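Engineer: If it helps, the file is called entry.txt and holds compact mmCIF, N, CA and C atoms:
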# COMPACT_ATOMS: atom_id res chain seq x y z
N MET E 1 -28.98 -6.71 -0.34
CA MET E 1 -27.96 -7.72 -0.17
C MET E 1 -28.16 -8.39 1.18
N ARG E 2 -28.17 -9.69 1.17
CA ARG E 2 -28.26 -10.44 2.42
C ARG E 2 -26.86 -10.83 2.86
N SER E 3 -26.64 -10.84 4.16
CA SER E 3 -25.35 -11.27 4.70
C SER E 3 -25.55 -11.79 6.11
N ILE E 4 -24.54 -12.44 6.62
CA ILE E 4 -24.61 -13.04 7.95
C ILE E 4 -23.91 -12.13 8.95
N ALA E 5 -24.55 -11.89 10.08
CA ALA E 5 -24.03 -11.18 11.24
C ALA E 5 -23.92 -9.67 11.05
N LEU E 6 -23.37 -9.21 9.96
CA LEU E 6 -23.20 -7.78 9.70
C LEU E 6 -23.88 -7.43 8.39
N SER E 7 -24.09 -6.15 8.18
CA SER E 7 -24.62 -5.71 6.89
C SER E 7 -23.51 -5.79 5.84
N GLY E 8 -23.88 -5.70 4.59
CA GLY E 8 -22.89 -5.70 3.51
C GLY E 8 -21.89 -4.56 3.67
N ALA E 9 -22.38 -3.38 4.02
CA ALA E 9 -21.50 -2.22 4.21
C ALA E 9 -20.53 -2.45 5.37
N GLU E 10 -21.01 -3.11 6.42
CA GLU E 10 -20.13 -3.39 7.55
C GLU E 10 -19.05 -4.41 7.18
N TRP E 11 -19.42 -5.43 6.38
CA TRP E 11 -18.42 -6.40 5.93
C TRP E 11 -17.36 -5.73 5.06
N VAL E 12 -17.77 -4.80 4.23
CA VAL E 12 -16.79 -4.08 3.39
C VAL E 12 -15.90 -3.21 4.27
N ALA E 13 -16.45 -2.65 5.33
CA ALA E 13 -15.62 -1.89 6.27
C ALA E 13 -14.61 -2.80 6.97
N VAL E 14 -15.02 -4.01 7.31
CA VAL E 14 -14.09 -4.99 7.89
C VAL E 14 -12.96 -5.27 6.90
N LEU E 15 -13.31 -5.44 5.65
CA LEU E 15 -12.31 -5.68 4.60
C LEU E 15 -11.34 -4.50 4.51
N ARG E 16 -11.89 -3.27 4.54
CA ARG E 16 -11.06 -2.05 4.51
C ARG E 16 -10.10 -2.02 5.69
N MET E 17 -10.61 -2.31 6.88
CA MET E 17 -9.76 -2.29 8.07
C MET E 17 -8.71 -3.40 8.03
N GLY E 18 -9.08 -4.56 7.49
CA GLY E 18 -8.10 -5.63 7.33
C GLY E 18 -6.98 -5.23 6.38
N LEU E 19 -7.33 -4.54 5.30
CA LEU E 19 -6.32 -4.03 4.38
C LEU E 19 -5.42 -3.03 5.09
N GLY E 20 -6.01 -2.18 5.92
CA GLY E 20 -5.22 -1.23 6.69
C GLY E 20 -4.26 -1.93 7.64
N LEU E 21 -4.72 -3.00 8.28
CA LEU E 21 -3.83 -3.77 9.16
C LEU E 21 -2.70 -4.42 8.37
N TRP E 22 -2.98 -4.82 7.14
CA TRP E 22 -1.95 -5.40 6.27
C TRP E 22 -0.87 -4.37 5.97
N TRP E 23 -1.30 -3.11 5.68
CA TRP E 23 -0.32 -2.03 5.45
C TRP E 23 0.46 -1.74 6.73
N LEU E 24 -0.21 -1.74 7.87
CA LEU E 24 0.49 -1.49 9.13
C LEU E 24 1.52 -2.58 9.42
N GLU E 25 1.19 -3.82 9.10
CA GLU E 25 2.15 -4.91 9.28
C GLU E 25 3.34 -4.74 8.33
N SER E 26 3.08 -4.29 7.12
CA SER E 26 4.16 -4.03 6.17
C SER E 26 5.09 -2.96 6.72
N TRP E 27 4.52 -1.94 7.34
CA TRP E 27 5.31 -0.87 7.95
C TRP E 27 6.06 -1.41 9.19
N ARG E 28 5.35 -2.17 10.03
CA ARG E 28 5.93 -2.64 11.29
C ARG E 28 7.14 -3.54 11.07
N HIS E 29 7.08 -4.42 10.10
CA HIS E 29 8.16 -5.39 9.96
C HIS E 29 9.38 -4.85 9.20
N LYS E 30 9.29 -3.64 8.67
CA LYS E 30 10.44 -3.05 7.99
C LYS E 30 11.54 -2.70 9.00
N ASP E 31 12.76 -2.97 8.61
CA ASP E 31 13.92 -2.58 9.41
C ASP E 31 14.15 -1.09 9.14
N LYS E 32 13.54 -0.23 9.95
CA LYS E 32 13.62 1.21 9.70
C LYS E 32 15.06 1.72 9.77
N LYS E 33 15.84 1.20 10.70
CA LYS E 33 17.24 1.62 10.80
C LYS E 33 17.97 1.28 9.50
N GLY E 34 17.71 0.10 8.97
CA GLY E 34 18.32 -0.30 7.71
C GLY E 34 17.86 0.59 6.55
N TRP E 35 16.57 0.87 6.50
CA TRP E 35 16.03 1.71 5.43
C TRP E 35 16.57 3.13 5.52
N PHE E 36 16.57 3.71 6.72
CA PHE E 36 16.91 5.13 6.87
C PHE E 36 18.41 5.39 7.00
N GLU E 37 19.12 4.53 7.69
CA GLU E 37 20.54 4.80 7.94
C GLU E 37 21.48 4.11 6.95
N ARG E 38 21.12 2.89 6.55
CA ARG E 38 22.00 2.15 5.64
C ARG E 38 21.46 2.09 4.21
N GLY E 39 20.23 2.53 3.99
CA GLY E 39 19.66 2.56 2.65
C GLY E 39 19.37 1.19 2.06
N THR E 40 19.10 0.21 2.92
CA THR E 40 18.93 -1.16 2.44
C THR E 40 17.72 -1.35 1.54
N GLY E 41 16.61 -0.73 1.86
CA GLY E 41 15.38 -0.91 1.07
C GLY E 41 15.51 -0.37 -0.34
N ILE E 42 16.02 0.83 -0.46
CA ILE E 42 16.18 1.44 -1.78
C ILE E 42 17.30 0.76 -2.55
N ALA E 43 18.35 0.32 -1.86
CA ALA E 43 19.44 -0.41 -2.54
C ALA E 43 18.91 -1.72 -3.12
N TRP E 44 18.06 -2.42 -2.36
CA TRP E 44 17.46 -3.66 -2.87
C TRP E 44 16.60 -3.35 -4.09
N ALA E 45 15.77 -2.32 -3.99
CA ALA E 45 14.90 -1.95 -5.11
C ALA E 45 15.72 -1.52 -6.33
N ALA E 46 16.84 -0.84 -6.10
CA ALA E 46 17.70 -0.42 -7.21
C ALA E 46 18.28 -1.64 -7.92
N ASP E 47 18.63 -2.66 -7.16
CA ASP E 47 19.15 -3.89 -7.76
C ASP E 47 18.08 -4.56 -8.61
N VAL E 48 16.86 -4.62 -8.08
CA VAL E 48 15.75 -5.22 -8.82
C VAL E 48 15.46 -4.41 -10.08
N ALA E 49 15.37 -3.09 -9.93
CA ALA E 49 15.07 -2.23 -11.09
C ALA E 49 16.18 -2.28 -12.13
N GLY E 50 17.42 -2.34 -11.69
CA GLY E 50 18.55 -2.37 -12.62
C GLY E 50 18.57 -3.59 -13.51
N LYS E 51 17.97 -4.69 -13.05
CA LYS E 51 17.93 -5.93 -13.82
C LYS E 51 16.59 -6.14 -14.53
N HIS E 52 15.71 -5.17 -14.40
CA HIS E 52 14.35 -5.33 -14.92
C HIS E 52 14.37 -5.42 -16.44
N ARG E 53 13.52 -6.26 -16.99
CA ARG E 53 13.48 -6.42 -18.46
C ARG E 53 12.81 -5.25 -19.17
N TRP E 54 12.02 -4.47 -18.43
CA TRP E 54 11.34 -3.33 -19.06
C TRP E 54 12.18 -2.07 -18.86
N GLY E 55 12.57 -1.45 -19.96
CA GLY E 55 13.42 -0.26 -19.91
C GLY E 55 12.81 0.89 -19.15
N PHE E 56 11.49 1.07 -19.25
CA PHE E 56 10.87 2.20 -18.55
C PHE E 56 10.97 2.05 -17.04
N VAL E 57 11.03 0.82 -16.54
CA VAL E 57 11.21 0.62 -15.10
C VAL E 57 12.63 1.02 -14.70
N ARG E 58 13.62 0.56 -15.47
CA ARG E 58 15.02 0.91 -15.19
C ARG E 58 15.22 2.43 -15.25
N SER E 59 14.74 3.05 -16.32
CA SER E 59 14.97 4.50 -16.48
C SER E 59 14.14 5.30 -15.49
N GLY E 60 12.93 4.88 -15.22
CA GLY E 60 12.09 5.59 -14.25
C GLY E 60 12.69 5.55 -12.86
N PHE E 61 13.18 4.39 -12.46
CA PHE E 61 13.82 4.26 -11.14
C PHE E 61 15.08 5.12 -11.08
N ALA E 62 15.88 5.06 -12.15
CA ALA E 62 17.12 5.84 -12.19
C ALA E 62 16.85 7.34 -12.15
N THR E 63 15.74 7.77 -12.72
CA THR E 63 15.41 9.19 -12.77
C THR E 63 14.76 9.69 -11.48
N VAL E 64 13.84 8.91 -10.94
CA VAL E 64 13.04 9.38 -9.81
C VAL E 64 13.60 8.96 -8.46
N VAL E 65 14.00 7.72 -8.31
CA VAL E 65 14.35 7.18 -6.99
C VAL E 65 15.84 7.26 -6.69
N GLN E 66 16.67 6.77 -7.58
CA GLN E 66 18.11 6.69 -7.29
C GLN E 66 18.76 8.01 -6.92
N PRO E 67 18.38 9.14 -7.51
CA PRO E 67 19.04 10.39 -7.11
C PRO E 67 18.70 10.85 -5.69
N ARG E 68 17.66 10.30 -5.11
CA ARG E 68 17.23 10.71 -3.77
C ARG E 68 16.83 9.50 -2.91
N PRO E 69 17.77 8.63 -2.65
CA PRO E 69 17.43 7.38 -1.93
C PRO E 69 16.92 7.60 -0.51
N ARG E 70 17.48 8.55 0.21
CA ARG E 70 17.05 8.78 1.59
C ARG E 70 15.61 9.29 1.63
N LEU E 71 15.30 10.27 0.79
CA LEU E 71 13.93 10.78 0.71
C LEU E 71 12.96 9.67 0.32
N MET E 72 13.31 8.89 -0.67
CA MET E 72 12.43 7.82 -1.14
C MET E 72 12.21 6.75 -0.08
N ALA E 73 13.23 6.50 0.74
CA ALA E 73 13.07 5.54 1.84
C ALA E 73 12.00 6.05 2.81
N TYR E 74 12.08 7.32 3.15
CA TYR E 74 11.07 7.91 4.04
C TYR E 74 9.69 7.90 3.39
N VAL E 75 9.62 8.21 2.11
CA VAL E 75 8.33 8.21 1.40
C VAL E 75 7.70 6.83 1.46
N VAL E 76 8.44 5.80 1.13
CA VAL E 76 7.89 4.44 1.11
C VAL E 76 7.46 4.01 2.51
N VAL E 77 8.34 4.14 3.47
CA VAL E 77 8.05 3.65 4.82
C VAL E 77 6.86 4.39 5.43
N TYR E 78 6.85 5.71 5.33
CA TYR E 78 5.76 6.46 5.95
C TYR E 78 4.48 6.46 5.14
N ALA E 79 4.58 6.18 3.85
CA ALA E 79 3.36 5.99 3.05
C ALA E 79 2.63 4.74 3.54
N GLU E 80 3.37 3.68 3.83
CA GLU E 80 2.74 2.46 4.33
C GLU E 80 2.07 2.69 5.68
N LEU E 81 2.71 3.46 6.54
CA LEU E 81 2.11 3.80 7.83
C LEU E 81 0.85 4.64 7.64
N ALA E 82 0.93 5.66 6.81
CA ALA E 82 -0.23 6.54 6.57
C ALA E 82 -1.39 5.77 5.95
N LEU E 83 -1.09 4.90 5.01
CA LEU E 83 -2.15 4.09 4.39
C LEU E 83 -2.82 3.20 5.43
N GLY E 84 -2.01 2.55 6.25
CA GLY E 84 -2.57 1.68 7.28
C GLY E 84 -3.47 2.42 8.24
N LEU E 85 -2.99 3.54 8.74
CA LEU E 85 -3.80 4.32 9.70
C LEU E 85 -5.06 4.87 9.03
N GLY E 86 -4.92 5.39 7.82
CA GLY E 86 -6.07 5.93 7.11
C GLY E 86 -7.15 4.89 6.89
N LEU E 87 -6.75 3.67 6.55
CA LEU E 87 -7.74 2.63 6.27
C LEU E 87 -8.34 2.04 7.55
N VAL E 88 -7.54 1.85 8.57
CA VAL E 88 -8.07 1.31 9.83
C VAL E 88 -9.04 2.31 10.46
N LEU E 89 -8.65 3.57 10.48
CA LEU E 89 -9.49 4.60 11.09
C LEU E 89 -10.58 5.10 10.16
N GLY E 90 -10.44 4.83 8.88
CA GLY E 90 -11.41 5.32 7.91
C GLY E 90 -11.30 6.83 7.74
N PHE E 91 -10.08 7.33 7.68
CA PHE E 91 -9.87 8.77 7.52
C PHE E 91 -9.26 9.04 6.16
N LEU E 92 -9.91 9.91 5.39
CA LEU E 92 -9.53 10.17 4.00
C LEU E 92 -9.45 8.84 3.23
N THR E 93 -10.43 8.01 3.47
CA THR E 93 -10.43 6.63 2.98
C THR E 93 -10.26 6.52 1.47
N PRO E 94 -11.01 7.27 0.65
CA PRO E 94 -10.80 7.13 -0.80
C PRO E 94 -9.38 7.49 -1.22
N VAL E 95 -8.80 8.49 -0.57
CA VAL E 95 -7.42 8.89 -0.87
C VAL E 95 -6.47 7.75 -0.50
N ALA E 96 -6.67 7.15 0.67
CA ALA E 96 -5.83 6.04 1.12
C ALA E 96 -5.99 4.83 0.20
N LEU E 97 -7.21 4.55 -0.23
CA LEU E 97 -7.42 3.41 -1.12
C LEU E 97 -6.75 3.61 -2.47
N VAL E 98 -6.87 4.79 -3.04
CA VAL E 98 -6.23 5.06 -4.33
C VAL E 98 -4.71 5.06 -4.16
N GLY E 99 -4.21 5.68 -3.10
CA GLY E 99 -2.78 5.70 -2.84
C GLY E 99 -2.22 4.29 -2.66
N GLY E 100 -2.92 3.46 -1.90
CA GLY E 100 -2.49 2.08 -1.70
C GLY E 100 -2.54 1.28 -2.99
N LEU E 101 -3.59 1.51 -3.77
CA LEU E 101 -3.71 0.84 -5.06
C LEU E 101 -2.52 1.19 -5.95
N LEU E 102 -2.17 2.46 -6.01
CA LEU E 102 -1.04 2.88 -6.83
C LEU E 102 0.29 2.32 -6.31
N LEU E 103 0.47 2.31 -4.99
CA LEU E 103 1.70 1.77 -4.43
C LEU E 103 1.81 0.27 -4.69
N ASN E 104 0.69 -0.46 -4.55
CA ASN E 104 0.72 -1.89 -4.85
C ASN E 104 1.00 -2.14 -6.33
N LEU E 105 0.43 -1.32 -7.21
CA LEU E 105 0.71 -1.49 -8.64
C LEU E 105 2.18 -1.20 -8.94
N LEU E 106 2.73 -0.21 -8.27
CA LEU E 106 4.16 0.08 -8.43
C LEU E 106 5.00 -1.10 -7.97
N TYR E 107 4.67 -1.66 -6.81
CA TYR E 107 5.38 -2.84 -6.31
C TYR E 107 5.22 -4.01 -7.29
N LEU E 108 4.01 -4.18 -7.80
CA LEU E 108 3.72 -5.27 -8.73
C LEU E 108 4.59 -5.17 -9.98
N VAL E 109 4.70 -3.97 -10.54
CA VAL E 109 5.51 -3.77 -11.75
C VAL E 109 6.99 -3.91 -11.43
N LEU E 110 7.44 -3.33 -10.33
CA LEU E 110 8.87 -3.41 -9.99
C LEU E 110 9.30 -4.85 -9.75
N MET E 111 8.46 -5.61 -9.07
CA MET E 111 8.84 -6.96 -8.69
C MET E 111 8.15 -8.01 -9.56
N ILE E 112 7.96 -7.70 -10.84
CA ILE E 112 7.22 -8.58 -11.74
C ILE E 112 7.82 -9.99 -11.79
N HIS E 113 9.11 -10.12 -11.52
CA HIS E 113 9.77 -11.43 -11.57
C HIS E 113 9.80 -12.13 -10.23
N ASP E 114 9.43 -11.46 -9.15
CA ASP E 114 9.47 -12.04 -7.81
C ASP E 114 8.07 -12.53 -7.45
N TRP E 115 7.72 -13.71 -7.88
CA TRP E 115 6.35 -14.19 -7.70
C TRP E 115 5.99 -14.44 -6.25
N ALA E 116 6.97 -14.50 -5.37
CA ALA E 116 6.67 -14.68 -3.95
C ALA E 116 5.87 -13.50 -3.42
N GLU E 117 6.12 -12.30 -3.94
CA GLU E 117 5.44 -11.09 -3.48
C GLU E 117 4.17 -10.78 -4.28
N GLN E 118 4.03 -11.35 -5.45
CA GLN E 118 2.95 -10.93 -6.34
C GLN E 118 1.57 -11.30 -5.83
N GLY E 119 1.44 -12.42 -5.15
CA GLY E 119 0.13 -12.78 -4.61
C GLY E 119 -0.36 -11.73 -3.62
N GLN E 120 0.53 -11.26 -2.76
CA GLN E 120 0.17 -10.24 -1.79
C GLN E 120 -0.25 -8.96 -2.49
N ASN E 121 0.54 -8.50 -3.45
CA ASN E 121 0.21 -7.26 -4.14
C ASN E 121 -1.08 -7.38 -4.92
N ALA E 122 -1.31 -8.50 -5.59
CA ALA E 122 -2.54 -8.70 -6.36
C ALA E 122 -3.76 -8.69 -5.44
N MET E 123 -3.67 -9.36 -4.29
CA MET E 123 -4.80 -9.38 -3.36
C MET E 123 -5.06 -8.00 -2.77
N MET E 124 -4.00 -7.26 -2.47
CA MET E 124 -4.19 -5.91 -1.93
C MET E 124 -4.81 -4.99 -2.98
N VAL E 125 -4.45 -5.16 -4.24
CA VAL E 125 -5.07 -4.38 -5.32
C VAL E 125 -6.56 -4.72 -5.40
N LEU E 126 -6.88 -6.00 -5.37
CA LEU E 126 -8.29 -6.42 -5.43
C LEU E 126 -9.10 -5.86 -4.25
N ILE E 127 -8.56 -5.97 -3.06
CA ILE E 127 -9.27 -5.45 -1.88
C ILE E 127 -9.43 -3.94 -1.99
N SER E 128 -8.41 -3.25 -2.47
CA SER E 128 -8.50 -1.79 -2.62
C SER E 128 -9.63 -1.42 -3.59
N LEU E 129 -9.72 -2.15 -4.69
CA LEU E 129 -10.78 -1.86 -5.67
C LEU E 129 -12.16 -2.12 -5.09
N VAL E 130 -12.33 -3.25 -4.41
CA VAL E 130 -13.63 -3.57 -3.80
C VAL E 130 -13.99 -2.51 -2.76
N ALA E 131 -13.04 -2.18 -1.88
CA ALA E 131 -13.31 -1.20 -0.83
C ALA E 131 -13.59 0.18 -1.41
N LEU E 132 -12.93 0.53 -2.51
CA LEU E 132 -13.15 1.83 -3.14
C LEU E 132 -14.53 1.89 -3.80
N PHE E 133 -14.85 0.91 -4.63
CA PHE E 133 -16.11 0.95 -5.38
C PHE E 133 -17.31 0.65 -4.50
N ALA E 134 -17.11 -0.03 -3.37
CA ALA E 134 -18.21 -0.26 -2.42
C ALA E 134 -18.34 0.89 -1.43
N MET E 135 -17.47 1.91 -1.57
CA MET E 135 -17.49 3.08 -0.69
C MET E 135 -17.42 2.65 0.78
N SER E 136 -16.35 1.96 1.12
CA SER E 136 -16.19 1.33 2.43
C SER E 136 -16.10 2.31 3.59
N TRP E 137 -16.08 3.58 3.31
CA TRP E 137 -16.01 4.60 4.38
C TRP E 137 -17.38 4.97 4.90
N GLN E 138 -18.44 4.30 4.43
CA GLN E 138 -19.80 4.64 4.84
C GLN E 138 -20.13 4.23 6.27
N VAL E 139 -19.41 3.26 6.81
CA VAL E 139 -19.64 2.83 8.20
C VAL E 139 -18.29 2.66 8.89
N TRP E 140 -18.30 2.81 10.20
CA TRP E 140 -17.13 2.57 11.04
C TRP E 140 -15.91 3.34 10.54
N SER E 141 -16.10 4.62 10.28
CA SER E 141 -14.97 5.43 9.80
C SER E 141 -15.08 6.85 10.34
N LEU E 142 -13.93 7.49 10.43
CA LEU E 142 -13.93 8.91 10.78
C LEU E 142 -14.56 9.73 9.66
N ASP E 143 -14.38 9.30 8.42
CA ASP E 143 -15.01 10.00 7.29
C ASP E 143 -16.51 10.06 7.46
N GLU E 144 -17.11 8.96 7.85
CA GLU E 144 -18.55 8.91 8.04
C GLU E 144 -18.96 9.77 9.23
N ALA E 145 -18.16 9.72 10.29
CA ALA E 145 -18.47 10.48 11.51
C ALA E 145 -18.44 11.99 11.27
N ILE E 146 -17.54 12.46 10.41
CA ILE E 146 -17.44 13.90 10.16
C ILE E 146 -18.10 14.32 8.85
N GLY E 147 -18.70 13.36 8.16
CA GLY E 147 -19.47 13.68 6.96
C GLY E 147 -18.66 13.87 5.69
N LEU E 148 -17.48 13.26 5.61
CA LEU E 148 -16.68 13.36 4.38
C LEU E 148 -17.07 12.27 3.38
N PHE E 149 -17.03 12.59 2.12
CA PHE E 149 -17.21 11.63 1.01
C PHE E 149 -18.53 10.91 1.03
N LEU E 150 -19.58 11.56 1.52
CA LEU E 150 -20.90 10.90 1.57
C LEU E 150 -21.66 11.00 0.28
What would you get if you wrote out this structure as structure tokens?

Structural biologist:
Amino acid sequence: MRSIALSGAEWVAVLRMGLGLWWLESWRHKDKKGWFERGTGIAWAADVAGKHRWGFVRSGFATVVQPRPRLMAYVVVYAELALGLGLVLGFLTPVALVGGLLLNLLYLVLMIHDWAEQGQNAMMVLISLVALFAMSWQVWSLDEAIGLFL
């Protein structure tokens, strides 16, 4: 593969790190006090899920998330932080890519009617797939430095 300035593997690593920065920005801009103390994030998601046209989304949310809103707030917020750090640093990269892919798909399904967010989720899914199948942890990563996933 020919490329400009960097090798193909290095460009894919740049893409991986950019995705990680995107997750870190998602974490950074969240109102943590609102999510953790007032439950704003899960309350918003409950409202979206409650009006969802697909019954499995409504029932799944009611079964898994609504009974434990505080725990789920921590799971969502800190998952975004962990994904961002894992991808930027290249640590447990395949795990972070699959986890991010699943979280974006969950967001995509939950917010199927909110097209303002769908472009972001679709692009993050695409980048996750490219970074995963191109094995983006081969360069500029802690995984590569310690010999994981080679």

Engineer: When you look at Ala13 in chain E with a cut-off of 6.5 Å (counting all atoms listed in the file), what residues show up, excluding the ones that are within fewer than 3 positions of it in the same chain? I need them as a PyMOL selection string.

Structural biologist: chain E and resi 8-10+16-18+136-137+139

Engineer: I'd like the interatomic distance between atom C of Leu129 in chain E and atom N of His29 in chain E, to a tenth of an Å.

Structural biologist: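 Here the two named atoms are 24.6 Å from each other.
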
Engineer: Where's the centre, and what are the edge lengths in Å to one decimal, of a box along x, y and z enclosing all listed atoms of range 142-149 of chain E padded 4 Å per side, as AutoDock Vina command-line options?

Structural biologist:
--center_x -16.7 --center_y 10.9 --center_z 6.3 --size_x 13.5 --size_y 14.8 --size_z 18.5

Engineer: Quick one: residues within 8 Å of Leu142 in chain E, only N, CA and C atoms, excluding same-chain residues fewer than 3 positions away - as a list of chain:residue names?

Structural biologist: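 In the requested form, the answer reads E:Val88, E:Leu89, E:Gly90, E:Phe91, E:Leu92, E:Thr93, E:Trp137, E:Val139, E:Ala145, E:Ile146, E:Gly147, E:Leu148.
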
Engineer: For His52 in chain E, work out the shell of residues within 12 Å, counting only C-alpha atoms and skipping chain neighbours fewer than 2 positions away, then give it as a ChimeraX atom specification.

Structural biologist: /E:45-50,54-62,109-114
